[in-house]
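Okay, final-v5.txt is below, compact mmCIF, C-alpha atoms:
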# COMPACT_ATOMS: atom_id res chain seq x y z
CA MET A 51 -0.15 11.33 15.12
CA LYS A 52 3.51 10.38 15.11
CA PHE A 53 6.28 9.45 12.71
CA TYR A 54 8.06 6.11 12.63
CA GLY A 55 11.39 7.84 13.16
CA LYS A 56 12.75 11.34 12.96
CA GLY A 57 9.96 12.51 10.66
CA ILE A 58 9.99 15.46 8.29
CA PRO A 59 11.77 18.58 9.60
CA ASN A 60 9.53 21.44 10.74
CA ILE A 61 6.40 19.24 10.71
CA ASN A 62 4.67 18.89 14.08
CA ALA A 63 2.73 15.63 14.06
CA ASP A 64 0.41 17.01 16.76
CA ASP A 65 -0.95 19.47 14.21
CA LEU A 66 -2.19 16.64 11.99
CA THR A 67 -5.76 16.21 13.16
CA GLY A 68 -7.03 13.96 10.37
CA LYS A 69 -6.87 10.19 10.13
CA LEU A 70 -4.62 8.01 7.98
CA ILE A 71 -6.13 4.64 7.02
CA VAL A 72 -4.16 2.18 4.89
CA ILE A 73 -5.48 -0.71 2.80
CA GLU A 74 -2.72 -3.17 1.90
CA GLY A 75 -2.83 -6.23 -0.32
CA ALA A 76 -1.58 -7.69 -3.57
CA ASP A 77 -2.78 -6.81 -7.07
CA GLY A 78 -6.20 -8.41 -7.46
CA SER A 79 -6.93 -8.37 -3.72
CA GLY A 80 -9.68 -5.77 -4.14
CA ARG A 81 -7.88 -2.82 -2.58
CA SER A 82 -9.06 -0.26 -5.13
CA THR A 83 -12.67 -1.42 -4.84
CA GLN A 84 -12.55 -1.16 -1.06
CA ILE A 85 -10.95 2.29 -1.18
CA ARG A 86 -13.75 3.45 -3.48
CA LEU A 87 -16.48 1.95 -1.29
CA LEU A 88 -14.91 3.37 1.86
CA THR A 89 -14.63 6.80 0.25
CA ASP A 90 -18.32 6.73 -0.64
CA PHE A 91 -19.20 5.53 2.85
CA LEU A 92 -17.23 8.29 4.60
CA GLU A 93 -18.23 11.13 2.30
CA GLY A 94 -21.84 10.06 2.67
CA ARG A 95 -21.42 10.74 6.38
CA GLY A 96 -19.87 14.13 5.87
CA PHE A 97 -16.17 13.29 6.13
CA GLY A 98 -13.74 14.84 3.68
CA THR A 99 -11.44 12.23 2.14
CA VAL A 100 -8.23 12.21 0.10
CA ASN A 101 -6.98 9.14 -1.77
CA VAL A 102 -3.29 8.36 -2.26
CA GLY A 103 -1.39 5.34 -3.54
CA LEU A 104 1.71 4.06 -5.29
CA LYS A 105 2.93 5.79 -8.45
CA ARG A 106 0.72 8.87 -7.99
CA SER A 107 3.32 11.52 -7.29
CA ASN A 108 3.28 14.54 -9.58
CA LEU A 109 7.07 14.57 -9.29
CA VAL A 110 8.07 11.12 -10.59
CA SER A 111 5.03 8.89 -11.21
CA ALA A 112 5.07 9.27 -15.01
CA GLU A 113 8.82 8.69 -15.18
CA LEU A 114 8.55 5.66 -12.87
CA GLU A 115 5.78 4.12 -14.97
CA GLN A 116 7.78 4.69 -18.15
CA ALA A 117 10.98 3.28 -16.68
CA MET A 118 9.21 0.10 -15.53
CA GLN A 119 7.94 -0.70 -19.03
CA GLY A 120 11.32 -1.97 -20.16
CA ASN A 121 11.66 -4.37 -17.19
CA VAL A 122 15.35 -3.43 -16.85
CA LEU A 123 15.49 -1.29 -13.71
CA SER A 124 18.02 -2.37 -11.09
CA GLN A 125 16.72 -3.12 -7.59
CA VAL A 126 18.30 -0.04 -6.01
CA THR A 127 17.01 2.25 -8.77
CA LEU A 128 13.48 0.83 -8.48
CA SER A 129 13.56 1.12 -4.69
CA LEU A 130 14.69 4.75 -4.72
CA PHE A 131 12.17 5.61 -7.46
CA TYR A 132 9.31 4.32 -5.31
CA ALA A 133 10.70 5.98 -2.18
CA THR A 134 10.79 9.32 -4.00
CA ASP A 135 7.23 8.81 -5.21
CA PHE A 136 6.08 8.09 -1.64
CA MET A 137 7.96 10.97 0.00
CA ASP A 138 6.64 13.50 -2.50
CA GLN A 139 3.07 12.39 -1.78
CA LEU A 140 3.72 12.38 1.96
CA GLU A 141 4.91 15.99 1.95
CA ASN A 142 2.54 17.43 -0.64
CA ASN A 143 -0.64 15.37 -0.31
CA ILE A 144 -0.85 13.33 2.88
CA ILE A 145 0.41 15.84 5.44
CA PRO A 146 -1.56 18.85 4.10
CA ALA A 147 -4.75 16.74 4.04
CA LEU A 148 -4.22 15.51 7.60
CA ARG A 149 -3.46 19.04 8.77
CA ALA A 150 -6.80 20.12 7.30
CA GLY A 151 -8.61 17.35 9.17
CA PHE A 152 -9.30 15.08 6.20
CA ILE A 153 -9.33 11.30 6.25
CA VAL A 154 -6.54 10.01 4.01
CA LEU A 155 -7.19 6.60 2.46
CA ALA A 156 -3.97 5.02 1.20
CA ASP A 157 -4.13 2.33 -1.46
CA ARG A 158 -0.94 0.64 -0.16
CA TYR A 159 1.77 2.33 1.88
CA ILE A 160 5.39 1.77 2.85
CA TYR A 161 4.77 -1.87 3.81
CA THR A 162 4.36 -3.07 0.23
CA LEU A 163 7.47 -1.12 -0.77
CA MET A 164 9.50 -2.65 2.06
CA ALA A 165 8.23 -6.20 1.47
CA ARG A 166 9.04 -5.96 -2.24
CA ASP A 167 12.53 -4.66 -1.56
CA ILE A 168 13.30 -7.25 1.12
CA LEU A 169 12.35 -10.03 -1.32
CA ARG A 170 14.81 -8.52 -3.77
CA GLY A 171 17.67 -8.48 -1.29
CA SER A 172 17.49 -5.03 0.30
CA ASP A 173 18.61 -4.67 3.91
CA PRO A 174 15.60 -4.24 6.25
CA GLY A 175 17.53 -1.79 8.42
CA TRP A 176 18.32 0.40 5.41
CA LEU A 177 14.64 0.40 4.43
CA GLN A 178 13.53 1.30 7.95
CA THR A 179 15.92 4.26 7.85
CA ILE A 180 14.55 5.44 4.49
CA TYR A 181 10.95 5.22 5.64
CA SER A 182 11.56 6.66 9.11
CA LEU A 183 10.04 9.83 7.66
CA ALA A 184 6.69 8.09 7.23
CA LEU A 185 3.70 8.73 9.48
CA VAL A 186 2.29 5.91 11.59
CA PRO A 187 -1.24 5.23 10.24
CA ASP A 188 -4.28 5.16 12.50
CA ALA A 189 -5.10 1.75 11.03
CA VAL A 190 -3.64 -0.71 8.53
CA PHE A 191 -5.92 -3.32 7.01
CA TYR A 192 -4.25 -6.12 5.04
CA LEU A 193 -6.51 -7.94 2.57
CA ASN A 194 -5.34 -11.53 2.76
CA VAL A 195 -6.21 -13.28 -0.51
CA SER A 196 -4.96 -16.65 -1.73
CA PRO A 197 -2.72 -16.54 -4.85
CA SER A 198 -5.21 -18.61 -6.86
CA PHE A 199 -7.93 -16.04 -6.15
CA LEU A 200 -5.50 -13.26 -7.11
CA ILE A 201 -4.90 -14.80 -10.54
CA GLU A 202 -8.62 -15.24 -11.13
CA ARG A 203 -9.41 -11.65 -10.16
CA THR A 204 -6.49 -10.29 -12.18
CA PHE A 205 -7.78 -11.95 -15.35
CA GLN A 206 -11.21 -10.49 -14.70
CA LYS A 207 -9.62 -7.05 -15.15
CA LYS A 208 -6.93 -7.66 -17.78
CA ASP A 209 -5.62 -10.40 -20.06
CA SER A 210 -2.13 -10.85 -18.63
CA LEU A 211 -0.13 -10.92 -15.41
CA ASP A 212 2.15 -8.01 -14.55
CA TYR A 213 5.91 -8.66 -14.88
CA TRP A 214 6.80 -7.00 -11.56
CA GLU A 215 3.79 -8.25 -9.57
CA SER A 216 4.70 -11.75 -10.75
CA GLY A 217 8.26 -11.37 -9.49
CA MET A 218 9.75 -12.27 -12.85
CA ASP A 219 12.77 -10.09 -12.11
CA VAL A 220 13.49 -12.25 -9.04
CA ARG A 221 13.82 -15.26 -11.37
CA MET A 222 11.97 -17.81 -9.24
CA SER A 223 10.57 -19.42 -12.39
CA ARG A 224 10.57 -18.87 -16.14
CA ASP A 225 6.82 -19.49 -16.21
CA ILE A 226 4.95 -16.31 -15.28
CA PHE A 227 2.04 -18.19 -13.65
CA ASP A 228 4.35 -20.29 -11.51
CA SER A 229 6.43 -17.21 -10.69
CA PHE A 230 3.30 -15.26 -9.69
CA ILE A 231 2.20 -17.95 -7.22
CA LYS A 232 5.67 -18.28 -5.66
CA TYR A 233 6.19 -14.52 -5.49
CA GLN A 234 2.81 -13.80 -3.91
CA ARG A 235 3.34 -16.54 -1.32
CA ARG A 236 6.65 -14.96 -0.35
CA MET A 237 5.03 -11.52 -0.20
CA LYS A 238 2.37 -12.92 2.15
CA ALA A 239 5.13 -14.35 4.32
CA GLU A 240 6.83 -10.93 4.52
CA PHE A 241 3.55 -9.28 5.50
CA GLN A 242 3.06 -11.93 8.17
CA LYS A 243 6.45 -10.98 9.62
CA MET A 244 5.46 -7.30 9.60
CA LYS A 245 2.06 -7.92 11.17
CA GLU A 246 3.08 -7.51 14.80
CA MET A 247 5.73 -4.84 14.27
CA TYR A 248 3.43 -2.53 12.32
CA ARG A 249 0.13 -3.55 13.93
CA PHE A 250 -1.72 -4.79 10.85
CA GLU A 251 -5.25 -6.06 11.05
CA VAL A 252 -5.65 -8.98 8.67
CA ILE A 253 -8.92 -9.08 6.73
CA ASN A 254 -10.17 -12.21 4.96
CA GLY A 255 -10.09 -11.06 1.36
CA ASN A 256 -11.46 -14.28 -0.15
CA ARG A 257 -15.03 -13.04 0.45
CA SER A 258 -17.33 -10.88 -1.63
CA ALA A 259 -16.57 -7.18 -2.01
CA LYS A 260 -19.76 -6.35 -0.10
CA ALA A 261 -18.86 -8.54 2.87
CA ILE A 262 -15.37 -7.05 3.08
CA ALA A 263 -16.74 -3.50 2.75
CA MET A 264 -19.19 -4.01 5.62
CA ASP A 265 -16.37 -5.38 7.77
CA LEU A 266 -14.10 -2.42 7.01
CA GLN A 267 -16.87 0.11 7.56
CA LYS A 268 -17.56 -1.22 11.06
CA LYS A 269 -13.88 -1.05 11.93
CA VAL A 270 -13.53 2.49 10.57
CA GLU A 271 -16.60 3.59 12.51
CA LEU A 272 -14.83 2.55 15.71
CA ILE A 273 -11.71 4.50 14.73
CA LEU A 274 -13.76 7.64 14.06
CA ASN A 275 -16.12 7.12 17.01
CA ILE A 276 -19.24 7.16 14.82

I'd like the structure from this file rewritten - as structure tokens, please.
Amino acid sequence: MKFYGKGIPNINADDLTGKLIVIEGADGSGRSTQIRLLTDFLEGRGFGTVNVGLKRSNLVSAELEQAMQGNVLSQVTLSLFYATDFMDQLENNIIPALRAGFIVLADRYIYTLMARDILRGSDPGWLQTIYSLALVPDAVFYLNVSPSFLIERTFQKKDSLDYWESGMDVRMSRDIFDSFIKYQRRMKAEFQKMKEMYRFEVINGNRSAKAIAMDLQKKVELILNI
């Protein structure tokens, strides 16, 4: 494995014998379902797996969740909160698991964090410097789902749209539905820009969960030579 930049001091990437597989996509794209199905698939074949994702750090996840409830965080504060959450998981969850030979399945990674921040005016170069400590995944699968599908799937799980996932803080529209559509379209555009640089594989996410799962399983089998 290798890091995007200087990496974490005293960590030799060559010692990390596991695999890091990332599933990216918006809320409602089916990421969590695919992570669960992929976990079952891999563990059923004898592979040890570890799941990670946004806002799961033991260090700051609870504080981050609480701070976001008021919808008043500044862009820089929100960005650094998420960066801290990621770095803590990288050092204490991802790297130890990879060193032990596990397959780490990431429910989103630095790409969502960077896309969000760029939309809110952060400098891409500054973000690349912050996340130069991140490991380069063995594969990144981006679930490409149309915004109309995202809304439908979101309401199947809960009765309202999320303030932040709708980009209400960006003030593209006062109507949360209109804002959600505009924000998700801009997020898709940012991911499209990142596609070549970070070697994403785009997956058609407008299909059934079973069809997507079978697609992902075949691709992961190739990565693991099984």

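Going from atom CA of Lys56 of chain A to atom CA of Phe191 of chain A covers 24.5 Å.
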
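Taking atom CA of Glu74 of chain A as the reference point, atom CA of Arg149 of chain A is found at 23.3 Å.
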
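When all atoms listed in the file are used to measure the gap to Met264 of chain A, the shortest distance among A:Leu177, A:Leu87, A:Ala184, A:Met51 belongs to A:Leu87.
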
**Contact residues around Glu113 of chain A with all atoms listed in the file at 12 Å, ignoring same-chain residues under 5 positions, as JSON, numbers by chain** = {"A": [105, 106, 107, 108, 118, 119, 128, 131, 132, 134, 135]}

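Taking atom CA of Ser79 of chain A and atom CA of Val195 of chain A as the two end points, the separation is 5.9 Å.
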
*Mind checking which residues fall within 7 Å of Val252 of chain A, counting only C-alpha atoms, ignoring those fewer than 4 positions away in the same chain, and posting them as a PyMOL selection string?*
chain A and resi 191-194

Practice task
For Thr162 of chain A, work out the shell of residues within 12 Å, counting all atoms listed in the file and skipping chain neighbours fewer than 3 positions away, then give it as a ChimeraX atom specification.
Solution key: /A:72-77,103-104,129,132-133,136,156-159,165-169,177,181,190,192,215,234,237-238,240-242,244
